[in-house]
$ cat protein18.txt   # compact mmCIF, C-alpha atoms
# COMPACT_ATOMS: atom_id res chain seq x y z
CA MET L 25 -130.60 64.11 19.28
CA ALA L 26 -127.41 63.40 21.26
CA GLU L 27 -127.32 64.96 24.69
CA ARG L 28 -124.55 66.13 26.96
CA LYS L 29 -124.76 65.52 30.65
CA ILE L 30 -122.63 66.31 33.70
CA VAL L 31 -122.24 63.52 36.27
CA ASP L 32 -121.04 65.02 39.54
CA ALA L 33 -119.22 62.32 41.52
CA LYS L 34 -116.97 64.64 43.52
CA ASN L 35 -115.99 63.68 47.09
CA THR L 36 -116.63 59.97 46.74
CA PHE L 37 -113.96 57.31 46.50
CA CYS L 38 -113.15 54.42 44.16
CA PRO L 39 -115.17 52.75 42.70
CA GLY L 40 -117.95 55.29 43.42
CA PRO L 41 -117.31 57.60 40.43
CA LEU L 42 -117.02 54.63 38.04
CA MET L 43 -120.26 53.08 39.31
CA GLU L 44 -122.06 56.40 39.08
CA LEU L 45 -120.88 56.82 35.50
CA ILE L 46 -121.96 53.28 34.57
CA GLY L 47 -125.42 53.89 36.04
CA GLN L 48 -125.77 57.02 33.90
CA MET L 49 -124.33 55.29 30.82
CA LYS L 50 -127.01 52.60 31.13
CA MET L 51 -129.70 55.24 30.86
CA ALA L 52 -127.99 57.28 28.12
CA GLU L 53 -128.64 56.90 24.39
CA ILE L 54 -125.96 55.97 21.87
CA GLY L 55 -124.10 59.13 20.89
CA ASP L 56 -124.72 60.89 24.19
CA GLU L 57 -121.76 62.52 25.92
CA LEU L 58 -121.23 62.42 29.65
CA GLU L 59 -118.75 64.53 31.59
CA ILE L 60 -117.86 62.97 34.92
CA LEU L 61 -116.42 65.12 37.69
CA SER L 62 -114.22 63.31 40.21
CA THR L 63 -111.89 64.34 43.02
CA ASP L 64 -110.51 60.79 43.28
CA LYS L 65 -107.26 60.41 41.35
CA GLY L 66 -107.53 56.60 41.13
CA SER L 67 -110.89 56.96 39.42
CA ALA L 68 -109.40 59.44 36.95
CA ASN L 69 -107.12 56.63 35.79
CA ASP L 70 -109.67 53.83 36.13
CA ILE L 71 -112.54 55.44 34.21
CA PRO L 72 -110.65 55.80 30.86
CA GLU L 73 -109.36 52.23 31.36
CA TRP L 74 -112.93 50.96 31.79
CA ILE L 75 -114.23 53.01 28.85
CA ASN L 76 -111.53 51.58 26.56
CA LYS L 77 -112.09 48.04 27.82
CA VAL L 78 -115.80 48.04 27.16
CA GLY L 79 -115.43 49.94 23.88
CA HIS L 80 -116.87 53.41 24.44
CA GLU L 81 -114.89 56.56 23.67
CA VAL L 82 -112.95 58.99 25.88
CA LEU L 83 -113.25 62.44 24.33
CA ASP L 84 -111.42 64.57 26.87
CA SER L 85 -109.71 64.33 30.26
CA PHE L 86 -108.17 67.14 32.28
CA GLU L 87 -107.65 68.25 35.86
CA GLU L 88 -108.61 71.66 37.16
CA GLU L 89 -108.26 72.72 40.79
CA GLY L 90 -108.25 69.15 42.09
CA VAL L 91 -111.24 68.03 40.03
CA TRP L 92 -110.84 65.66 37.11
CA HIS L 93 -113.18 66.21 34.18
CA ILE L 94 -113.51 63.15 31.96
CA THR L 95 -115.79 63.35 28.97
CA VAL L 96 -116.94 60.10 27.42
CA LYS L 97 -119.21 59.15 24.56
CA LYS L 98 -121.56 56.19 24.56
CA THR L 99 -120.85 54.38 21.31
CA LYS L 100 -122.94 51.22 21.57
CA MET X 13 -114.20 42.29 25.05
CA SER X 14 -112.59 39.45 26.97
CA SER X 15 -114.78 37.70 29.49
CA ASP X 16 -113.21 35.80 32.33
CA LYS X 17 -114.66 33.86 35.18
CA ILE X 18 -114.15 35.45 38.59
CA SER X 19 -115.26 33.65 41.75
CA VAL X 20 -115.26 35.51 45.04
CA MET X 21 -115.65 33.69 48.35
CA VAL X 22 -116.48 36.03 51.24
CA THR X 23 -116.28 34.70 54.81
CA SER X 24 -115.05 37.69 56.82
CA GLY X 25 -117.38 39.93 58.79
CA ASN X 26 -115.02 42.87 59.00
CA ARG X 27 -115.48 46.08 57.11
CA GLU X 28 -112.19 46.13 55.22
CA GLN X 29 -112.60 42.62 53.82
CA LEU X 30 -116.25 43.14 52.87
CA GLN X 31 -115.36 46.42 51.16
CA MET X 32 -112.53 44.87 49.14
CA ALA X 33 -114.70 41.89 48.16
CA ALA X 34 -117.45 44.28 47.01
CA MET X 35 -114.94 46.29 44.98
CA VAL X 36 -113.55 43.20 43.23
CA ALA X 37 -117.06 41.90 42.52
CA SER X 38 -118.47 45.19 41.22
CA VAL X 39 -115.52 46.34 39.14
CA GLY X 40 -115.00 42.79 37.87
CA ALA X 41 -118.64 42.46 36.84
CA VAL X 42 -118.96 45.83 35.11
CA SER X 43 -115.79 45.10 33.16
CA GLY X 44 -117.50 42.21 31.42
CA ASN X 45 -116.38 39.31 33.59
CA ASP X 46 -118.66 36.50 34.70
CA VAL X 47 -118.68 37.06 38.48
CA THR X 48 -120.00 34.66 41.13
CA VAL X 49 -119.93 35.65 44.80
CA PHE X 50 -120.34 33.06 47.55
CA LEU X 51 -121.27 34.46 50.98
CA SER X 52 -120.59 32.36 54.04
CA MET X 53 -119.51 32.40 57.70
CA ASN X 54 -119.45 35.89 59.30
CA ALA X 55 -120.20 37.68 56.03
CA LEU X 56 -123.73 36.43 55.50
CA LYS X 57 -125.58 38.11 58.37
CA PHE X 58 -125.05 41.57 56.83
CA PHE X 59 -127.18 40.51 53.86
CA VAL X 60 -130.26 39.63 55.88
CA LYS X 61 -133.08 42.09 55.06
CA GLY X 62 -133.32 44.82 57.66
CA ALA X 63 -129.90 44.08 59.17
CA THR X 64 -128.82 47.29 60.87
CA GLU X 65 -125.55 46.20 62.44
CA SER X 66 -122.60 47.77 60.63
CA ALA X 67 -119.54 45.66 59.94
CA PRO X 68 -116.83 46.32 62.55
CA ALA X 69 -113.54 47.81 61.45
CA GLU X 70 -110.51 45.57 61.80
CA GLY X 71 -108.05 48.46 61.87
CA GLU X 72 -107.36 52.08 61.02
CA MET X 73 -108.44 51.74 57.41
CA GLY X 74 -111.85 50.39 58.38
CA LYS X 75 -112.45 53.40 60.61
CA LEU X 76 -111.48 55.75 57.78
CA LEU X 77 -113.81 53.91 55.38
CA GLU X 78 -116.64 54.71 57.76
CA GLU X 79 -115.70 58.39 58.13
CA LYS X 80 -115.12 59.14 54.45
CA ASN X 81 -117.62 59.00 51.66
CA VAL X 82 -116.82 55.50 50.41
CA PRO X 83 -119.57 53.59 48.59
CA GLU X 84 -121.24 51.16 50.99
CA PHE X 85 -120.26 47.52 50.38
CA LYS X 86 -123.84 46.32 50.08
CA GLU X 87 -124.55 48.99 47.48
CA LEU X 88 -121.49 47.85 45.49
CA PHE X 89 -122.60 44.21 45.59
CA GLU X 90 -126.04 45.29 44.40
CA GLN X 91 -124.47 47.29 41.54
CA ALA X 92 -122.39 44.22 40.61
CA VAL X 93 -125.70 42.43 40.01
CA GLU X 94 -127.58 45.35 38.47
CA TYR X 95 -124.88 46.71 36.14
CA GLY X 96 -122.72 43.63 35.61
CA ASP X 97 -125.04 40.62 35.94
CA ALA X 98 -123.03 39.15 38.82
CA THR X 99 -124.56 36.26 40.75
CA ILE X 100 -124.38 36.55 44.53
CA SER X 101 -125.28 33.36 46.33
CA PRO X 102 -125.41 32.58 50.01
CA CYS X 103 -123.73 29.40 51.17
CA SER X 104 -126.50 26.88 51.83
CA MET X 105 -124.80 25.69 55.02
CA ALA X 106 -124.61 29.25 56.40
CA VAL X 107 -128.30 29.80 55.56
CA ASP X 108 -129.18 26.65 57.51
CA ILE X 109 -126.99 27.52 60.50
CA LEU X 110 -128.46 31.04 60.74
CA GLY X 111 -131.90 29.47 60.55
CA ILE X 112 -133.05 31.80 57.78
CA SER X 113 -134.67 31.23 54.40
CA GLU X 114 -133.89 32.67 51.00
CA ASP X 115 -136.72 35.20 51.46
CA ASP X 116 -134.98 36.69 54.48
CA LEU X 117 -132.06 37.87 52.35
CA GLU X 118 -131.75 41.07 50.30
CA SER X 119 -133.53 40.91 46.97
CA PHE X 120 -130.33 41.05 44.89
CA ILE X 121 -129.13 37.79 46.47
CA SER X 122 -129.71 34.61 44.43
CA GLU X 123 -130.66 31.14 45.64
CA PRO X 124 -128.43 29.37 48.15
CA MET X 125 -125.50 27.51 46.65
CA GLY X 126 -123.67 24.46 47.97
CA LEU X 127 -119.92 24.27 48.18
CA THR X 128 -119.80 21.54 45.55
CA SER X 129 -121.48 23.82 43.01
CA PHE X 130 -119.31 26.78 43.95
CA LEU X 131 -116.09 24.78 43.59
CA SER X 132 -117.19 23.34 40.29
CA ASP X 133 -118.27 26.79 39.05
CA ALA X 134 -114.94 28.28 40.19
CA SER X 135 -112.73 25.63 38.67
CA GLU X 136 -111.79 27.44 35.49
CA GLY X 137 -111.26 31.02 36.55
CA GLN X 138 -109.79 33.37 39.11
CA VAL X 139 -110.74 32.67 42.71
CA TRP X 140 -110.58 35.39 45.35
CA HIS X 141 -111.14 34.98 49.04
CA PHE X 142 -111.93 37.70 51.57

$ encode --input "protein18.txt" --output "structure tokens"
Amino acid sequence: MAERKIVDAKNTFCPGPLMELIGQMKMAEIGDELEILSTDKGSANDIPEWINKVGHEVLDSFEEEGVWHITVKKTK
Amino acid sequence: MSSDKISVMVTSGNREQLQMAAMVASVGAVSGNDVTVFLSMNALKFFVKGATESAPAEGEMGKLLEEKNVPEFKELFEQAVEYGDATISPCSMAVDILGISEDDLESFISEPMGLTSFLSDASEGQVWHF
């Protein structure tokens, strides 16, 4: 069954949040959803770019009180 | 997904340059590019197992990198290999000059590479130097 996981990468800088997400994506199963939390604005732009480039799916992205929440789905 | 060849030559021993090289290598590799890193001159000593010396900052930015929670450059190079199949090779001349062997280097470092091989490997892609 698909799982949902929070990846807390707050207070680190580029490319820390992206690398943390990739590490978790490697271990996830196809269909799993991961929500990455980042306080780094550059990463908030870079993560969806990476997800689209490698062919996974961005489900949601919003900012709340200085923290970006980006939810992605592992599709392959 | 497009796959391009990215060759990164790293010769600097300062923090800013090593950090930027590690960022290009790691992000390049995890984005599906074929990344080769060539470590020589003042860069190589930081990749000897058990090296404790931290890379000196060249300027203000280097000092800030140390104070803030920025991923460590060695960790990023290791992730380039682990997540993106990058190849990180020490320059064979630098290995000889330092008087070390392949076994003295961090485990994510590949076999020493000569300049001829690096140049031939780099001939059809992007080449970055730090």

$ closest_atom_pairs --input "protein18.txt" --of "chain L" --to "chain X" --cutoff "10 Å" --atoms "only C-alpha atoms" --output "JSON lines"
{"residue": "L:Lys34", "atom": "CA", "partner": "X:Asn81", "partner_atom": "CA", "distance": 9.9}
{"residue": "L:Asn35", "atom": "CA", "partner": "X:Asn81", "partner_atom": "CA", "distance": 6.7}
{"residue": "L:Thr36", "atom": "CA", "partner": "X:Asn81", "partner_atom": "CA", "distance": 5.1}
{"residue": "L:Phe37", "atom": "CA", "partner": "X:Val82", "partner_atom": "CA", "distance": 5.2}
{"residue": "L:Cys38", "atom": "CA", "partner": "X:Val82", "partner_atom": "CA", "distance": 7.3}
{"residue": "L:Pro39", "atom": "CA", "partner": "X:Met35", "partner_atom": "CA", "distance": 6.9}
{"residue": "L:Gly40", "atom": "CA", "partner": "X:Pro83", "partner_atom": "CA", "distance": 5.7}
{"residue": "L:Pro41", "atom": "CA", "partner": "X:Pro83", "partner_atom": "CA", "distance": 9.4}
{"residue": "L:Leu42", "atom": "CA", "partner": "X:Val39", "partner_atom": "CA", "distance": 8.5}
{"residue": "L:Met43", "atom": "CA", "partner": "X:Gln91", "partner_atom": "CA", "distance": 7.5}
{"residue": "L:Glu44", "atom": "CA", "partner": "X:Gln91", "partner_atom": "CA", "distance": 9.7}
{"residue": "L:Ile46", "atom": "CA", "partner": "X:Tyr95", "partner_atom": "CA", "distance": 7.4}
{"residue": "L:Gly47", "atom": "CA", "partner": "X:Tyr95", "partner_atom": "CA", "distance": 7.2}
{"residue": "L:Lys50", "atom": "CA", "partner": "X:Tyr95", "partner_atom": "CA", "distance": 8.0}
{"residue": "L:Asp70", "atom": "CA", "partner": "X:Val39", "partner_atom": "CA", "distance": 10.0}
{"residue": "L:Glu73", "atom": "CA", "partner": "X:Ser43", "partner_atom": "CA", "distance": 9.8}
{"residue": "L:Trp74", "atom": "CA", "partner": "X:Ser43", "partner_atom": "CA", "distance": 6.7}
{"residue": "L:Ile75", "atom": "CA", "partner": "X:Ser43", "partner_atom": "CA", "distance": 9.1}
{"residue": "L:Asn76", "atom": "CA", "partner": "X:Met13", "partner_atom": "CA", "distance": 9.8}
{"residue": "L:Lys77", "atom": "CA", "partner": "X:Met13", "partner_atom": "CA", "distance": 6.7}
{"residue": "L:Val78", "atom": "CA", "partner": "X:Met13", "partner_atom": "CA", "distance": 6.3}
{"residue": "L:Gly79", "atom": "CA", "partner": "X:Met13", "partner_atom": "CA", "distance": 7.8}

$ write_last_selection --input "protein18.txt" --atoms "C-alpha atoms" --output "PDB file, in the coordinates of the input"
ATOM      1  CA  LYS L  34    -116.970  64.640  43.520  1.00  0.00           C
ATOM      2  CA  ASN L  35    -115.990  63.680  47.090  1.00  0.00           C
ATOM      3  CA  THR L  36    -116.630  59.970  46.740  1.00  0.00           C
ATOM      4  CA  PHE L  37    -113.960  57.310  46.500  1.00  0.00           C
ATOM      5  CA  CYS L  38    -113.150  54.420  44.160  1.00  0.00           C
ATOM      6  CA  PRO L  39    -115.170  52.750  42.700  1.00  0.00           C
ATOM      7  CA  GLY L  40    -117.950  55.290  43.420  1.00  0.00           C
ATOM      8  CA  PRO L  41    -117.310  57.600  40.430  1.00  0.00           C
ATOM      9  CA  LEU L  42    -117.020  54.630  38.040  1.00  0.00           C
ATOM     10  CA  MET L  43    -120.260  53.080  39.310  1.00  0.00           C
ATOM     11  CA  GLU L  44    -122.060  56.400  39.080  1.00  0.00           C
ATOM     12  CA  ILE L  46    -121.960  53.280  34.570  1.00  0.00           C
ATOM     13  CA  GLY L  47    -125.420  53.890  36.040  1.00  0.00           C
ATOM     14  CA  LYS L  50    -127.010  52.600  31.130  1.00  0.00           C
ATOM     15  CA  ASP L  70    -109.670  53.830  36.130  1.00  0.00           C
ATOM     16  CA  GLU L  73    -109.360  52.230  31.360  1.00  0.00           C
ATOM     17  CA  TRP L  74    -112.930  50.960  31.790  1.00  0.00           C
ATOM     18  CA  ILE L  75    -114.230  53.010  28.850  1.00  0.00           C
ATOM     19  CA  ASN L  76    -111.530  51.580  26.560  1.00  0.00           C
ATOM     20  CA  LYS L  77    -112.090  48.040  27.820  1.00  0.00           C
ATOM     21  CA  VAL L  78    -115.800  48.040  27.160  1.00  0.00           C
ATOM     22  CA  GLY L  79    -115.430  49.940  23.880  1.00  0.00           C
TER      23      GLY L  79
END

$ closest_residue --input "protein18.txt" --among "L:Met25, L:Glu57, L:Ala52, L:Pro72" --to "Lys97 in chain L" --atoms "all atoms listed in the file"
L:Glu57

$ atom_distance --input "protein18.txt" --atom1 "CA of Gly55 in chain L" --atom2 "CA of Lys98 in chain L"
5.3 Å

$ residues_around --input "protein18.txt" --residues "Val31 in chain L" --least-positions-apart "6" --cutoff "9 Å" --atoms "all atoms listed in the file" --output "CSV table (one decimal) with C-alpha atoms, keeping the file's coordinate frame"
chain,number,residue,atom,x,y,z
L,41,PRO,CA,-117.3,57.6,40.4
L,44,GLU,CA,-122.1,56.4,39.1
L,45,LEU,CA,-120.9,56.8,35.5
L,48,GLN,CA,-125.8,57.0,33.9
L,58,LEU,CA,-121.2,62.4,29.6
L,59,GLU,CA,-118.8,64.5,31.6
L,60,ILE,CA,-117.9,63.0,34.9
L,61,LEU,CA,-116.4,65.1,37.7
L,62,SER,CA,-114.2,63.3,40.2

$ residues_around --input "protein18.txt" --residues "range 122-134 of chain X" --least-positions-apart "4" --cutoff "9 Å" --atoms "only C-alpha atoms" --output "PDB file with C-alpha atoms, in the frame of the given file"
ATOM      1  CA  LYS X  17    -114.660  33.860  35.180  1.00  0.00           C
ATOM      2  CA  ILE X  18    -114.150  35.450  38.590  1.00  0.00           C
ATOM      3  CA  SER X  19    -115.260  33.650  41.750  1.00  0.00           C
ATOM      4  CA  VAL X  20    -115.260  35.510  45.040  1.00  0.00           C
ATOM      5  CA  MET X  21    -115.650  33.690  48.350  1.00  0.00           C
ATOM      6  CA  THR X  48    -120.000  34.660  41.130  1.00  0.00           C
ATOM      7  CA  VAL X  49    -119.930  35.650  44.800  1.00  0.00           C
ATOM      8  CA  PHE X  50    -120.340  33.060  47.550  1.00  0.00           C
ATOM      9  CA  THR X  99    -124.560  36.260  40.750  1.00  0.00           C
ATOM     10  CA  ILE X 100    -124.380  36.550  44.530  1.00  0.00           C
ATOM     11  CA  SER X 101    -125.280  33.360  46.330  1.00  0.00           C
ATOM     12  CA  PRO X 102    -125.410  32.580  50.010  1.00  0.00           C
ATOM     13  CA  CYS X 103    -123.730  29.400  51.170  1.00  0.00           C
ATOM     14  CA  SER X 104    -126.500  26.880  51.830  1.00  0.00           C
ATOM     15  CA  MET X 105    -124.800  25.690  55.020  1.00  0.00           C
ATOM     16  CA  VAL X 107    -128.300  29.800  55.560  1.00  0.00           C
ATOM     17  CA  GLU X 114    -133.890  32.670  51.000  1.00  0.00           C
ATOM     18  CA  LEU X 117    -132.060  37.870  52.350  1.00  0.00           C
ATOM     19  CA  GLU X 118    -131.750  41.070  50.300  1.00  0.00           C
ATOM     20  CA  GLN X 138    -109.790  33.370  39.110  1.00  0.00           C
ATOM     21  CA  VAL X 139    -110.740  32.670  42.710  1.00  0.00           C
TER      22      VAL X 139
END

$ atom_distance --input "protein18.txt" --atom1 "CA of Thr23 in chain X" --atom2 "CA of Ser52 in chain X"
5.0 Å

$ build_atoms --input "protein18.txt" --residues "range 67-78 of chain X" --atoms "all heavy atoms" --output "short mmCIF file (atom, residue, chain, number, x, y, z; two decimals), in the coordinates of the input"
data_model
loop_
_atom_site.label_atom_id
_atom_site.label_comp_id
_atom_site.auth_asym_id
_atom_site.auth_seq_id
_atom_site.Cartn_x
_atom_site.Cartn_y
_atom_site.Cartn_z
N ALA X 67 -120.68 46.56 59.83
CA ALA X 67 -119.54 45.66 59.94
C ALA X 67 -118.42 46.35 60.73
O ALA X 67 -118.05 47.48 60.42
CB ALA X 67 -119.05 45.26 58.55
N PRO X 68 -117.88 45.69 61.75
CA PRO X 68 -116.83 46.32 62.55
C PRO X 68 -115.52 46.48 61.78
O PRO X 68 -115.17 45.63 60.97
CB PRO X 68 -116.67 45.36 63.73
CG PRO X 68 -117.18 44.05 63.25
CD PRO X 68 -118.24 44.35 62.23
N ALA X 69 -114.83 47.58 62.07
CA ALA X 69 -113.54 47.81 61.45
C ALA X 69 -112.49 46.92 62.09
O ALA X 69 -112.50 46.71 63.30
CB ALA X 69 -113.15 49.27 61.61
N GLU X 70 -111.59 46.40 61.27
CA GLU X 70 -110.51 45.57 61.80
C GLU X 70 -109.35 46.47 62.25
O GLU X 70 -108.66 46.18 63.21
CB GLU X 70 -110.03 44.61 60.70
CG GLU X 70 -108.98 43.64 61.15
CD GLU X 70 -108.48 42.76 60.01
OE1 GLU X 70 -108.38 43.25 58.86
OE2 GLU X 70 -108.18 41.59 60.26
N GLY X 71 -109.17 47.57 61.56
CA GLY X 71 -108.05 48.46 61.87
C GLY X 71 -108.36 49.89 61.45
O GLY X 71 -109.50 50.26 61.20
N GLU X 72 -107.27 50.65 61.33
CA GLU X 72 -107.36 52.08 61.02
C GLU X 72 -108.14 52.34 59.72
O GLU X 72 -108.97 53.23 59.63
CB GLU X 72 -105.92 52.61 60.89
CG GLU X 72 -105.80 54.10 60.75
CD GLU X 72 -106.34 54.84 61.96
OE1 GLU X 72 -106.27 54.30 63.08
OE2 GLU X 72 -106.86 55.96 61.77
N MET X 73 -107.83 51.52 58.72
CA MET X 73 -108.44 51.74 57.41
C MET X 73 -109.97 51.59 57.47
O MET X 73 -110.70 52.35 56.85
CB MET X 73 -107.86 50.71 56.43
CG MET X 73 -108.11 51.04 55.00
SD MET X 73 -107.12 52.45 54.49
CE MET X 73 -107.80 52.70 52.87
N GLY X 74 -110.41 50.61 58.24
CA GLY X 74 -111.85 50.39 58.38
C GLY X 74 -112.55 51.58 59.01
O GLY X 74 -113.66 51.94 58.63
N LYS X 75 -111.86 52.21 59.97
CA LYS X 75 -112.45 53.40 60.61
C LYS X 75 -112.53 54.54 59.61
O LYS X 75 -113.51 55.28 59.56
CB LYS X 75 -111.59 53.83 61.82
CG LYS X 75 -111.71 52.87 62.98
CD LYS X 75 -110.83 53.32 64.14
CE LYS X 75 -110.57 52.15 65.08
NZ LYS X 75 -109.19 52.10 65.56
N LEU X 76 -111.48 54.68 58.79
CA LEU X 76 -111.48 55.75 57.78
C LEU X 76 -112.57 55.52 56.73
O LEU X 76 -113.20 56.45 56.26
CB LEU X 76 -110.10 55.83 57.10
CG LEU X 76 -108.98 56.41 57.95
CD1 LEU X 76 -107.64 56.22 57.27
CD2 LEU X 76 -109.22 57.89 58.23
N LEU X 77 -112.77 54.23 56.37
CA LEU X 77 -113.81 53.91 55.38
C LEU X 77 -115.17 54.41 55.88
O LEU X 77 -116.00 54.88 55.10
CB LEU X 77 -113.91 52.40 55.15
CG LEU X 77 -112.78 51.71 54.39
CD1 LEU X 77 -112.99 50.21 54.40
CD2 LEU X 77 -112.69 52.22 52.96
N GLU X 78 -115.36 54.31 57.19
CA GLU X 78 -116.64 54.71 57.76
C GLU X 78 -116.78 56.23 57.76
O GLU X 78 -117.85 56.77 57.53
CB GLU X 78 -116.73 54.18 59.20
CG GLU X 78 -118.15 54.05 59.70
CD GLU X 78 -118.23 53.11 60.89
OE1 GLU X 78 -117.17 52.71 61.43
OE2 GLU X 78 -119.35 52.79 61.28
#
